[in-house]
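Right, one structure below, let's go through it.
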Amino acid sequence: MSYMAGLAVGTLVAEQLRKAGGNGGIKLVHRTTGRRRYHDPRLKWDDQYARKIEDYFKTVQGVNRFTINRITGSLVINYHCSEEFINHLMKDKIFFPRVGKLRKRIQGMFGHMNAGVYKRTDGFLDFPTSLAGVFLILGLRKALRLKQWPSGPQMMWWSYNLMKKAH
């Protein structure tokens, strides 16, 4: 297998593992008054996770009915309580993966760095874009001037992925 093919396969595998891990995989798909539909790919394959969600919503006051569709990975909640209460329920970490203290601190540190770069450049740049630019410049320099392969193209790949995933 060539280096680039291995890199592509590794990227795809990492993306699938990230999705399978359920790291924030639940997403609000549709909302009307008294009804919400969420999607979580983890519901399709993780029986224990689906049972935890089921058991959790059976005890919640204010939820009229909920339905889990294991084929599509969706959760539909019909409720008669306030929107704020449902927002609070969905932020509750009982059935979502917990985030460790170190991870929270690292995320907070990068969040502050991102805010600082964004503020200092009047919204022109953010931290991932700046880091992607550094990787791109270093990668091009090594690839073209120093003929260092594959580290130059790898840095360009990282730059591309940082830019692609920025929202």
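A note on labels: chains of the structure tokens are A, B, ... as shown, every chain counts residues from 1, and ligands are counted from 1 in their shown order.
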Q. Which neighbours of segment 65-77 of chain A fall inside 10 Å, counting only C-alpha atoms, when residues of the same chain fewer than 2 positions from it are skipped, and could you give them as an MDAnalysis selection string?
A. chainID A and resid 26:31 34:47 50:51 53:54 57:58 62:63 79:80 86
Fewer than 2 positions away in the same chain doesn't count, so skip those; otherwise give me all residues within 10 Å of Gly152 of chain A, counting only C-alpha atoms, as a CSV table (one decimal) with C-alpha atoms, in the first residue's frame.
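Dumped everything to result-v4.csv:
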```csv
chain,number,residue,atom,x,y,z
A,135,PHE,CA,1.3,23.8,8.3
A,136,LEU,CA,0.7,24.7,4.7
A,137,ILE,CA,3.7,27.1,4.6
A,138,LEU,CA,6.0,24.6,6.4
A,139,GLY,CA,4.8,21.8,4.2
A,140,LEU,CA,5.3,23.6,1.0
A,141,ARG,CA,8.7,24.8,2.1
A,142,LYS,CA,9.9,21.3,3.0
A,143,ALA,CA,8.3,19.7,-0.1
A,144,LEU,CA,9.7,22.2,-2.6
A,146,LEU,CA,14.2,20.6,1.0
A,147,LYS,CA,12.6,17.8,-1.0
A,148,GLN,CA,11.4,16.2,2.2
A,149,TRP,CA,8.8,13.6,1.4
A,150,PRO,CA,6.3,12.7,2.9
A,154,GLN,CA,1.5,15.4,5.3
A,155,MET,CA,1.6,18.9,6.6
A,156,MET,CA,-0.4,20.1,3.6
A,157,TRP,CA,-2.9,17.2,4.3
A,158,TRP,CA,-3.2,18.4,7.9
```
**Q.** Between atom CA of His112 of chain A and atom CA of Phe127 of chain A - distance in Å to one decimal
**A.**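 Distance between the two atoms: 9.5 Å.
The coordinates place atom CA of Ala115 of chain A at 12.4 Å from atom CA of Thr129 of chain A.
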Q.
as an MDAnalysis selection string, please: every residue in segment 37-161 of chain A that DSSP puts in strand (DSSP E or B).
A. chainID A and resid 37:39 63:69 74:79
Q: List the neighbours of Ser130 of chain A out to 10 Å using only C-alpha atoms; skip same-chain residues closer than 2 positions along the sequence, and give me the result as a PyMOL selection string.
A: chain A and resi 114+117-118+125-128+132-136+159+162-163
Q: Name the residues of segment 16-161 of chain A that come out as alpha helix (DSSP H) in a backbone DSSP run; write them as a PyMOL selection string.
A: chain A and resi 16-20+42-45+47-58+83-91+101-120+127-144+151-161
